[in-house]
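S.K.: mmCIF, C-alpha atoms, file entry-v6.cif:
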data_work
loop_
_atom_site.label_atom_id
_atom_site.label_comp_id
_atom_site.auth_asym_id
_atom_site.auth_seq_id
_atom_site.Cartn_x
_atom_site.Cartn_y
_atom_site.Cartn_z
CA MET E 1 65.35 52.11 52.77
CA SER E 2 68.95 51.64 51.94
CA LEU E 3 70.61 48.48 50.79
CA LEU E 4 73.79 49.20 52.69
CA GLU E 5 73.35 46.54 55.34
CA LYS E 6 76.48 45.85 57.27
CA VAL E 7 77.88 42.34 57.25
CA ASP E 8 78.72 41.73 60.92
CA LYS E 9 79.90 38.14 60.68
CA ILE E 10 82.63 37.38 58.22
CA THR E 11 81.16 33.90 57.66
CA GLU E 12 78.01 35.49 56.30
CA ALA E 13 79.89 37.36 53.60
CA LYS E 14 79.19 35.64 50.32
CA ALA E 15 82.29 34.77 48.40
CA TRP E 16 82.77 33.08 45.08
CA ARG E 17 85.46 30.42 45.38
CA GLY E 18 87.56 28.88 42.68
CA ASP E 19 91.06 28.05 41.64
CA ILE E 20 93.18 29.03 38.70
CA PRO E 21 95.00 26.17 36.98
CA ILE E 22 98.50 27.45 36.37
CA THR E 23 101.45 25.27 35.47
CA SER E 24 104.91 26.60 34.92
CA ARG E 25 108.12 25.20 33.57
CA TYR E 26 111.37 26.71 34.75
CA THR E 27 114.51 25.86 32.82
CA ALA E 28 117.86 25.58 34.55
CA GLY E 29 119.42 27.99 32.06
CA LEU E 30 122.86 27.88 30.45
CA ALA E 31 124.83 27.94 33.68
CA GLY E 32 122.29 25.86 35.60
CA GLU E 33 122.43 23.20 32.92
CA GLU E 34 126.20 22.70 33.47
CA PHE E 35 125.84 22.94 37.25
CA PHE E 36 123.06 20.38 37.61
CA ARG E 37 124.50 17.95 35.06
CA GLU E 38 127.75 17.93 37.05
CA ILE E 39 125.77 17.19 40.22
CA MET E 40 123.73 14.50 38.46
CA GLU E 41 126.64 12.73 36.78
CA ASN E 42 129.57 13.28 39.13
CA ALA E 43 128.13 14.52 42.45
CA ARG E 44 130.41 17.54 42.19
CA PHE E 45 129.84 21.26 42.45
CA ILE E 46 131.15 23.63 39.80
CA GLY E 47 130.93 27.38 39.61
CA THR E 48 131.89 30.23 37.33
CA TRP E 49 134.85 32.49 38.06
CA CYS E 50 135.04 36.20 37.32
CA SER E 51 138.67 37.12 36.69
CA GLU E 52 137.95 40.86 36.99
CA CYS E 53 136.46 40.53 40.47
CA ASP E 54 138.21 37.27 41.46
CA TYR E 55 134.84 35.97 42.58
CA VAL E 56 133.47 32.43 42.27
CA TYR E 57 129.72 32.00 41.77
CA VAL E 58 128.10 28.81 43.12
CA PRO E 59 125.42 28.33 41.90
CA PRO E 60 126.98 29.62 38.68
CA THR E 61 125.81 32.56 36.62
CA ILE E 62 126.80 33.43 33.06
CA TYR E 63 127.33 37.08 33.91
CA CYS E 64 129.11 38.66 36.86
CA GLU E 65 126.63 40.50 39.03
CA ARG E 66 129.36 42.95 40.07
CA CYS E 67 131.06 43.98 36.80
CA PHE E 68 128.69 42.44 34.21
CA SER E 69 131.52 40.54 32.49
CA LYS E 70 130.57 37.41 30.66
CA LEU E 71 131.76 34.41 32.66
CA GLU E 72 133.26 31.49 30.80
CA GLU E 73 135.79 30.02 33.24
CA TRP E 74 134.51 27.06 35.21
CA VAL E 75 136.05 25.95 38.50
CA GLU E 76 135.34 22.99 40.74
CA VAL E 77 134.51 23.76 44.35
CA GLY E 78 134.23 21.50 47.40
CA ASP E 79 131.15 19.64 48.56
CA GLU E 80 131.83 21.02 52.03
CA GLY E 81 131.38 24.54 53.25
CA PHE E 82 130.04 26.57 56.11
CA VAL E 83 126.71 28.00 57.16
CA GLN E 84 126.58 31.71 56.48
CA SER E 85 123.03 32.12 57.70
CA PHE E 86 120.03 29.94 58.51
CA THR E 87 116.35 30.03 59.29
CA THR E 88 113.73 27.54 60.39
CA VAL E 89 110.55 27.02 58.38
CA HIS E 90 107.36 25.85 60.07
CA VAL E 91 104.83 26.12 57.24
CA ASP E 92 104.80 24.79 53.69
CA LEU E 93 104.39 26.83 50.52
CA ASP E 94 100.62 26.93 50.98
CA GLY E 95 100.89 28.06 54.59
CA ALA E 96 99.95 24.66 56.07
CA PRO E 97 101.93 23.66 59.19
CA LEU E 98 104.82 21.24 58.67
CA ALA E 99 105.05 18.09 60.80
CA GLU E 100 108.73 18.83 61.45
CA PRO E 101 110.30 22.24 61.04
CA GLN E 102 112.78 22.49 58.19
CA ILE E 103 116.08 24.28 58.42
CA LEU E 104 117.12 26.32 55.41
CA ALA E 105 120.64 27.70 55.21
CA LEU E 106 122.86 29.82 53.03
CA ILE E 107 125.92 27.66 52.47
CA GLN E 108 129.23 28.99 51.20
CA LEU E 109 131.09 26.04 49.69
CA ASP E 110 134.88 25.82 49.98
CA GLY E 111 136.32 27.70 47.04
CA ALA E 112 133.11 29.67 46.36
CA ASP E 113 132.38 33.28 47.21
CA SER E 114 128.62 33.25 46.76
CA VAL E 115 126.12 31.17 48.70
CA LEU E 116 123.81 28.29 47.89
CA VAL E 117 120.41 27.85 49.55
CA HIS E 118 119.69 24.35 50.81
CA ARG E 119 118.28 22.31 53.66
CA LEU E 120 120.24 21.24 56.72
CA GLY E 121 119.66 17.78 58.12
CA GLU E 122 120.74 15.54 60.99
CA VAL E 123 121.13 18.52 63.27
CA GLU E 124 119.20 19.75 66.29
CA LEU E 125 117.85 23.29 66.22
CA ASP E 126 119.80 24.13 69.37
CA ASP E 127 123.08 23.04 67.81
CA LEU E 128 122.77 25.36 64.83
CA ARG E 129 125.29 28.13 64.60
CA ILE E 130 126.63 30.43 61.96
CA GLY E 131 130.02 29.27 60.73
CA MET E 132 129.28 25.59 61.33
CA ARG E 133 130.92 23.24 58.82
CA VAL E 134 128.55 21.23 56.63
CA LYS E 135 128.81 18.66 53.84
CA ALA E 136 126.45 17.81 50.98
CA VAL E 137 124.64 14.47 51.01
CA PHE E 138 123.80 13.39 47.46
CA LYS E 139 121.08 10.99 46.41
CA PRO E 140 122.31 7.69 44.91
CA LYS E 141 123.30 8.23 41.26
CA LYS E 142 120.32 6.30 39.86
CA GLN E 143 117.88 8.59 41.63
CA ARG E 144 119.52 11.82 40.52
CA GLU E 145 117.72 13.75 37.80
CA GLY E 146 119.58 17.02 37.46
CA SER E 147 117.67 18.96 40.09
CA ILE E 148 118.64 20.82 43.23
CA LEU E 149 116.89 17.97 45.06
CA ASP E 150 119.64 15.60 43.88
CA ILE E 151 121.23 16.90 47.07
CA VAL E 152 119.22 15.49 49.97
CA HIS E 153 120.53 18.08 52.40
CA PHE E 154 123.71 19.29 54.05
CA VAL E 155 124.84 17.72 57.32
CA PRO E 156 127.33 18.93 59.96
CA THR E 157 130.82 17.45 59.62
CA GLU E 158 131.85 17.90 63.26
CA THR E 159 129.91 16.97 66.35
CA MET O 1 112.41 47.47 14.33
CA THR O 2 112.24 43.75 14.94
CA SER O 3 112.37 43.06 11.21
CA LYS O 4 115.97 44.28 11.25
CA ILE O 5 116.98 41.75 13.87
CA LYS O 6 118.21 38.59 12.19
CA GLU O 7 118.63 36.56 15.31
CA PHE O 8 117.26 37.20 18.76
CA PRO O 9 119.60 36.64 21.69
CA GLY O 10 119.07 33.68 23.96
CA VAL O 11 118.45 30.00 23.43
CA ALA O 12 115.23 28.97 21.69
CA LEU O 13 113.64 25.78 23.00
CA SER O 14 110.86 23.74 21.41
CA SER O 15 108.31 21.48 23.10
CA SER O 16 110.24 18.45 21.89
CA ASP O 17 113.32 19.66 23.78
CA PHE O 18 111.23 19.36 26.93
CA GLU O 19 109.49 16.12 25.96
CA GLU O 20 112.80 14.45 25.12
CA LYS O 21 114.33 15.94 28.28
CA LYS O 22 117.17 17.55 26.36
CA VAL O 23 117.25 20.36 28.89
CA LEU O 24 116.88 20.37 32.64
CA PHE O 25 113.76 21.99 33.98
CA THR O 26 111.41 22.08 36.95
CA GLU O 27 107.64 21.98 36.67
CA TRP O 28 105.44 23.66 39.19
CA ALA O 29 101.75 24.23 39.73
CA PRO O 30 100.91 26.78 42.39
CA ASN O 31 97.84 26.25 44.52
CA ALA O 32 96.12 29.36 43.16
CA GLN O 33 92.85 29.37 45.07
CA TYR O 34 90.84 32.52 45.34
CA ALA O 35 87.74 33.78 47.10
CA TRP O 36 86.09 36.66 45.30
CA ASP O 37 83.96 38.74 47.63
CA ALA O 38 80.54 38.80 46.00
CA GLY O 39 79.55 41.90 47.91
CA ILE O 40 76.09 42.75 49.25
CA ALA O 41 74.22 43.04 45.97
CA ILE O 42 75.63 40.03 44.10
CA GLY O 43 75.70 38.08 47.37
CA ARG O 44 71.93 38.41 47.71
CA TYR O 45 71.45 37.82 43.96
CA LEU O 46 73.24 34.47 44.22
CA ALA O 47 71.37 33.55 47.42
CA GLU O 48 68.06 34.28 45.67
CA LEU O 49 69.05 32.19 42.65
CA LYS O 50 69.43 29.28 45.04
CA GLN O 51 65.79 29.87 46.03
CA GLY O 52 64.79 29.92 42.37
CA ARG O 53 64.21 33.68 42.16
CA ILE O 54 65.83 36.50 40.24
CA ILE O 55 66.24 39.71 42.20
CA GLY O 56 67.25 43.20 41.11
CA THR O 57 67.59 46.61 42.72
CA ARG O 58 65.71 49.83 42.02
CA CYS O 59 66.72 53.48 42.01
CA ASP O 60 63.62 55.60 42.70
CA ARG O 61 65.20 58.81 41.48
CA CYS O 62 66.13 57.38 38.08
CA ARG O 63 63.05 55.08 38.06
CA ARG O 64 65.30 52.27 37.02
CA THR O 65 65.41 48.60 38.03
CA VAL O 66 68.70 46.87 37.35
CA VAL O 67 69.68 43.23 37.12
CA PRO O 68 72.08 41.81 38.21
CA PRO O 69 71.54 44.03 41.25
CA ARG O 70 74.09 46.64 42.28
CA ASN O 71 74.40 48.64 45.47
CA PHE O 72 74.76 51.99 43.77
CA CYS O 73 72.99 53.55 40.86
CA GLU O 74 75.62 54.27 38.25
CA TRP O 75 73.44 57.05 36.80
CA CYS O 76 73.00 59.24 39.88
CA PHE O 77 75.61 57.71 42.23
CA ARG O 78 73.12 57.23 45.09
CA PRO O 79 72.67 53.98 46.99
CA MET O 80 69.85 51.94 45.47
CA ASP O 81 66.46 52.25 47.18
CA GLU O 82 64.99 48.78 47.22
CA TRP O 83 65.21 45.14 46.28
CA VAL O 84 62.80 44.03 43.57
CA TYR O 85 61.88 40.44 42.70
CA LEU O 86 61.77 39.96 38.94
CA GLU O 87 60.22 37.34 36.68
CA ASP O 88 62.22 34.33 35.56
CA HIS O 89 61.46 35.05 31.93
CA GLY O 90 62.28 37.75 29.44
CA VAL O 91 63.20 38.47 25.85
CA VAL O 92 66.37 37.83 23.85
CA ASN O 93 68.26 41.10 23.45
CA THR O 94 71.14 39.63 21.49
CA TYR O 95 72.73 36.22 21.00
CA SER O 96 75.59 34.34 19.45
CA VAL O 97 76.16 30.80 18.21
CA THR O 98 79.43 29.15 19.07
CA TYR O 99 80.98 25.78 18.43
CA VAL O 100 83.84 26.37 20.86
CA ARG O 101 83.47 25.94 24.59
CA TRP O 102 84.79 28.45 27.14
CA ASP O 103 87.98 26.41 27.50
CA MET O 104 88.48 26.35 23.73
CA VAL O 105 87.31 22.74 23.23
CA ARG O 106 85.37 22.24 19.99
CA VAL O 107 81.80 20.97 20.37
CA LYS O 108 79.37 19.40 17.88
CA GLU O 109 76.20 20.84 19.43
CA PRO O 110 76.31 24.63 19.23
CA ILE O 111 76.21 26.71 22.37
CA ILE O 112 73.96 29.79 22.20
CA PRO O 113 74.97 32.49 24.66
CA ALA O 114 72.46 35.32 24.85
CA VAL O 115 71.64 38.49 26.74
CA ILE O 116 68.14 38.12 28.16
CA GLU O 117 66.18 41.19 29.19
CA ILE O 118 64.48 40.12 32.39
CA ALA O 119 60.79 40.96 32.77
CA GLY O 120 60.27 43.43 35.58
CA ALA O 121 63.61 45.17 35.07
CA SER O 122 64.04 48.34 33.05
CA LYS O 123 64.31 48.12 29.30
CA GLY O 124 67.67 46.86 28.15
CA MET O 125 68.49 45.39 31.57
CA GLY O 126 69.49 41.82 31.17
CA ILE O 127 71.77 39.00 32.11
CA MET O 128 74.07 36.82 30.08
CA HIS O 129 72.97 33.23 29.90
CA LEU O 130 72.51 30.31 27.53
CA LEU O 131 69.59 29.37 25.33
CA GLY O 132 68.46 25.76 25.19
CA GLU O 133 65.80 23.51 23.62
CA VAL O 134 66.01 25.63 20.46
CA LYS O 135 67.81 25.36 17.13
CA PRO O 136 70.20 28.21 16.29
CA ASP O 137 68.14 29.06 13.17
CA ASP O 138 64.98 29.47 15.24
CA VAL O 139 66.44 32.02 17.64
CA LYS O 140 65.12 35.54 17.02
CA ILE O 141 65.93 38.78 18.76
CA GLY O 142 62.89 39.74 20.81
CA MET O 143 61.88 36.11 21.30
CA ARG O 144 60.34 35.36 24.70
CA VAL O 145 62.28 32.87 26.82
CA LYS O 146 61.89 31.32 30.27
CA ALA O 147 64.46 30.05 32.75
CA VAL O 148 64.92 26.32 33.20
CA TRP O 149 66.09 25.86 36.80
CA LYS O 150 68.08 23.05 38.29
CA PRO O 151 66.20 21.01 40.90
CA PRO O 152 66.35 22.85 44.27
CA GLU O 153 68.68 20.27 45.85
CA GLU O 154 71.25 20.75 43.09
CA ARG O 155 71.34 24.54 43.32
CA SER O 156 74.45 26.08 44.84
CA GLY O 157 73.82 29.82 44.72
CA ALA O 158 75.40 30.32 41.30
CA ILE O 159 74.28 31.66 37.96
CA THR O 160 74.38 28.05 36.76
CA ASP O 161 71.39 27.33 39.06
CA ILE O 162 69.56 28.35 35.91
CA GLN O 163 70.49 25.72 33.34
CA TYR O 164 69.43 27.78 30.34
CA PHE O 165 66.52 29.79 28.98
CA LYS O 166 64.06 28.09 26.62
CA PRO O 167 61.50 29.56 24.21
CA MET O 168 58.10 30.21 25.79
CA GLU O 169 56.01 29.54 22.67
#
Here is a file; write its structure as structure tokens.
M.R.:
Amino acid sequence: MSLLEKVDKITEAKAWRGDIPITSRYTAGLAGEEFFREIMENARFIGTWCSECDYVYVPPTIYCERCFSKLEEWVEVGDEGFVQSFTTVHVDLDGAPLAEPQILALIQLDGADSVLVHRLGEVELDDLRIGMRVKAVFKPKKQREGSILDIVHFVPTET
Amino acid sequence: MTSKIKEFPGVALSSSDFEEKKVLFTEWAPNAQYAWDAGIAIGRYLAELKQGRIIGTRCDRCRRTVVPPRNFCEWCFRPMDEWVYLEDHGVVNTYSVTYVRWDMVRVKEPIIPAVIEIAGASKGMGIMHLLGEVKPDDVKIGMRVKAVWKPPEERSGAITDIQYFKPME
């Protein structure tokens, strides 16, 4: 007699269930600190400029990803830009279906060379196109807390 | 090496920097659920605990009965030959006395984890569990102990279906 009985139904397989309590704290970092405080206090976007590469990073970094120079020059960029790429999201982070699909986009702000990831709003899926002009919608100042969610979403500027 | 470094690069932050919100940060708790496949042997072991029984497996070639049960004999690498019901009592093989709970909370009443050699299994074969209804000073290696089960309706097919083992005499 062998004990190697086959489990034919997956529901009969005995599993031990549990969850692991993990909490994490992610700091904005040196560049992020400046970036988010500018959003929180003045509803403005700033980035760092690499003079070697003539490249503007938004969101900012403290080192240039291309030449590894330390970046110390800050520049203000526009709160408008264009959609470089987009995707639609139908499930949340745990894989549960969303009531309404969300649109995530890579947005290149005017004056920036890198892209920022954010949500698009007030736009129909069919109207989405690459190159479309969008503008940031900020939360009212009192509700802003120095987070990327201080920006509600980006909306199209032309209809 | 590190003793030569006077100052590490980067920005050091203390808990108060977070509590006083001196820096910007995001907090996140992932939904880290898991399902650990108990497998055939432990699956049956847990199912039998729910019925108030302890089961092991036997290798006929090595003449060895193991508990908790496994599918394969780790001595001769053959599949085990049969299921064997064991007694719900045994003797203390070793034990410890702790005043700190598993999640590092201090407790007044000591917890006594022990390895209990289960009667019916081969010598030295035992399970980890807790001792109860006994003072730490009265615990002796070799002492006979018996399982105290939860009421059947409260059992869930877990090792905690046995509340603890208590002295038999």
S.K.: Would you kindly return, as a ChimeraX atom specification, each protein, DNA or RNA residue with an atom no farther than 9 Å from any atom of segment 132-136 of chain E, considering only C-alpha atoms and excluding same-chain residues fewer than 3 positions away?
M.R.: /E:78-84,107,109,120,128-129,151-158
S.K.: Identify which of the residues O:Glu82, O:Glu20, O:Asp103, O:Glu74 lies closest to chain E, counting only C-alpha atoms when measuring atom-to-atom distances.
M.R.: O:Glu82
S.K.: Using the chain letters and residue numbers of this document, give as a VMD selection string the residues selected by the PyMOL selection byres ((chain E) within 6 of (chain O)).
M.R.: chain E and resid 1 to 2 14 to 20 22 to 28
S.K.: Which of these residues is nearest to Tyr57 of chain E, using only C-alpha atoms: E:Leu106, E:Leu71, E:Ile148, E:Met40?
M.R.: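 Looking only at the distances to Tyr57 of chain E, the closest residue turns out to be E:Leu71.
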S.K.: Which distance in Å separates atom CA of Ile54 of chain O and atom CA of Ser122 of chain O, to one decimal?
M.R.: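 According to the coordinates, atom CA of Ile54 of chain O and atom CA of Ser122 of chain O are separated by 14.0 Å.
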S.K.: To one decimal place in Å, what is the distance between atom CA of Leu116 of chain E and atom CA of Pro60 of chain E?
M.R.: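 Separating atom CA of Leu116 of chain E from atom CA of Pro60 of chain E is a distance of 9.8 Å.
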S.K.: Could you jot down the atom CA of Leu49 of chain O to atom CA of Thr160 of chain O separation for me, Å, one decimal place?
M.R.: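 If I compute the distance from atom CA of Leu49 of chain O to atom CA of Thr160 of chain O, I get 9.0 Å.
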S.K.: Can you tell me which residues surround segment 108-121 of chain O at a distance of at most 12 Å, considering only C-alpha atoms, apart from same-chain residues fewer than 6 positions away, and format the answer as a PDB file with C-alpha atoms, in the coordinates of the input?
M.R.:
ATOM      1  CA  ARG O  53      64.210  33.680  42.160  1.00  0.00           C
ATOM      2  CA  ILE O  54      65.830  36.500  40.240  1.00  0.00           C
ATOM      3  CA  ILE O  55      66.240  39.710  42.200  1.00  0.00           C
ATOM      4  CA  GLY O  56      67.250  43.200  41.110  1.00  0.00           C
ATOM      5  CA  THR O  57      67.590  46.610  42.720  1.00  0.00           C
ATOM      6  CA  ARG O  58      65.710  49.830  42.020  1.00  0.00           C
ATOM      7  CA  CYS O  59      66.720  53.480  42.010  1.00  0.00           C
ATOM      8  CA  ARG O  63      63.050  55.080  38.060  1.00  0.00           C
ATOM      9  CA  ARG O  64      65.300  52.270  37.020  1.00  0.00           C
ATOM     10  CA  THR O  65      65.410  48.600  38.030  1.00  0.00           C
ATOM     11  CA  VAL O  66      68.700  46.870  37.350  1.00  0.00           C
ATOM     12  CA  VAL O  67      69.680  43.230  37.120  1.00  0.00           C
ATOM     13  CA  PRO O  68      72.080  41.810  38.210  1.00  0.00           C
ATOM     14  CA  PRO O  69      71.540  44.030  41.250  1.00  0.00           C
ATOM     15  CA  TRP O  83      65.210  45.140  46.280  1.00  0.00           C
ATOM     16  CA  VAL O  84      62.800  44.030  43.570  1.00  0.00           C
ATOM     17  CA  TYR O  85      61.880  40.440  42.700  1.00  0.00           C
ATOM     18  CA  LEU O  86      61.770  39.960  38.940  1.00  0.00           C
ATOM     19  CA  GLU O  87      60.220  37.340  36.680  1.00  0.00           C
ATOM     20  CA  ASP O  88      62.220  34.330  35.560  1.00  0.00           C
ATOM     21  CA  HIS O  89      61.460  35.050  31.930  1.00  0.00           C
ATOM     22  CA  GLY O  90      62.280  37.750  29.440  1.00  0.00           C
ATOM     23  CA  VAL O  91      63.200  38.470  25.850  1.00  0.00           C
ATOM     24  CA  VAL O  92      66.370  37.830  23.850  1.00  0.00           C
ATOM     25  CA  ASN O  93      68.260  41.100  23.450  1.00  0.00           C
ATOM     26  CA  THR O  94      71.140  39.630  21.490  1.00  0.00           C
ATOM     27  CA  TYR O  95      72.730  36.220  21.000  1.00  0.00           C
ATOM     28  CA  SER O  96      75.590  34.340  19.450  1.00  0.00           C
ATOM     29  CA  VAL O  97      76.160  30.800  18.210  1.00  0.00           C
ATOM     30  CA  THR O  98      79.430  29.150  19.070  1.00  0.00           C
ATOM     31  CA  TYR O  99      80.980  25.780  18.430  1.00  0.00           C
ATOM     32  CA  VAL O 100      83.840  26.370  20.860  1.00  0.00           C
ATOM     33  CA  ARG O 101      83.470  25.940  24.590  1.00  0.00           C
ATOM     34  CA  TRP O 102      84.790  28.450  27.140  1.00  0.00           C
ATOM     35  CA  ILE O 127      71.770  39.000  32.110  1.00  0.00           C
ATOM     36  CA  MET O 128      74.070  36.820  30.080  1.00  0.00           C
ATOM     37  CA  HIS O 129      72.970  33.230  29.900  1.00  0.00           C
ATOM     38  CA  LEU O 130      72.510  30.310  27.530  1.00  0.00           C
ATOM     39  CA  LEU O 131      69.590  29.370  25.330  1.00  0.00           C
ATOM     40  CA  GLY O 132      68.460  25.760  25.190  1.00  0.00           C
ATOM     41  CA  GLU O 133      65.800  23.510  23.620  1.00  0.00           C
ATOM     42  CA  VAL O 134      66.010  25.630  20.460  1.00  0.00           C
ATOM     43  CA  LYS O 135      67.810  25.360  17.130  1.00  0.00           C
ATOM     44  CA  PRO O 136      70.200  28.210  16.290  1.00  0.00           C
ATOM     45  CA  ASP O 137      68.140  29.060  13.170  1.00  0.00           C
ATOM     46  CA  ASP O 138      64.980  29.470  15.240  1.00  0.00           C
ATOM     47  CA  VAL O 139      66.440  32.020  17.640  1.00  0.00           C
ATOM     48  CA  LYS O 140      65.120  35.540  17.020  1.00  0.00           C
ATOM     49  CA  ILE O 141      65.930  38.780  18.760  1.00  0.00           C
ATOM     50  CA  GLY O 142      62.890  39.740  20.810  1.00  0.00           C
ATOM     51  CA  MET O 143      61.880  36.110  21.300  1.00  0.00           C
ATOM     52  CA  ARG O 144      60.340  35.360  24.700  1.00  0.00           C
ATOM     53  CA  VAL O 145      62.280  32.870  26.820  1.00  0.00           C
ATOM     54  CA  LYS O 146      61.890  31.320  30.270  1.00  0.00           C
ATOM     55  CA  ALA O 147      64.460  30.050  32.750  1.00  0.00           C
ATOM     56  CA  GLN O 163      70.490  25.720  33.340  1.00  0.00           C
ATOM     57  CA  TYR O 164      69.430  27.780  30.340  1.00  0.00           C
ATOM     58  CA  PHE O 165      66.520  29.790  28.980  1.00  0.00           C
ATOM     59  CA  LYS O 166      64.060  28.090  26.620  1.00  0.00           C
ATOM     60  CA  PRO O 167      61.500  29.560  24.210  1.00  0.00           C
TER      61      PRO O 167
END
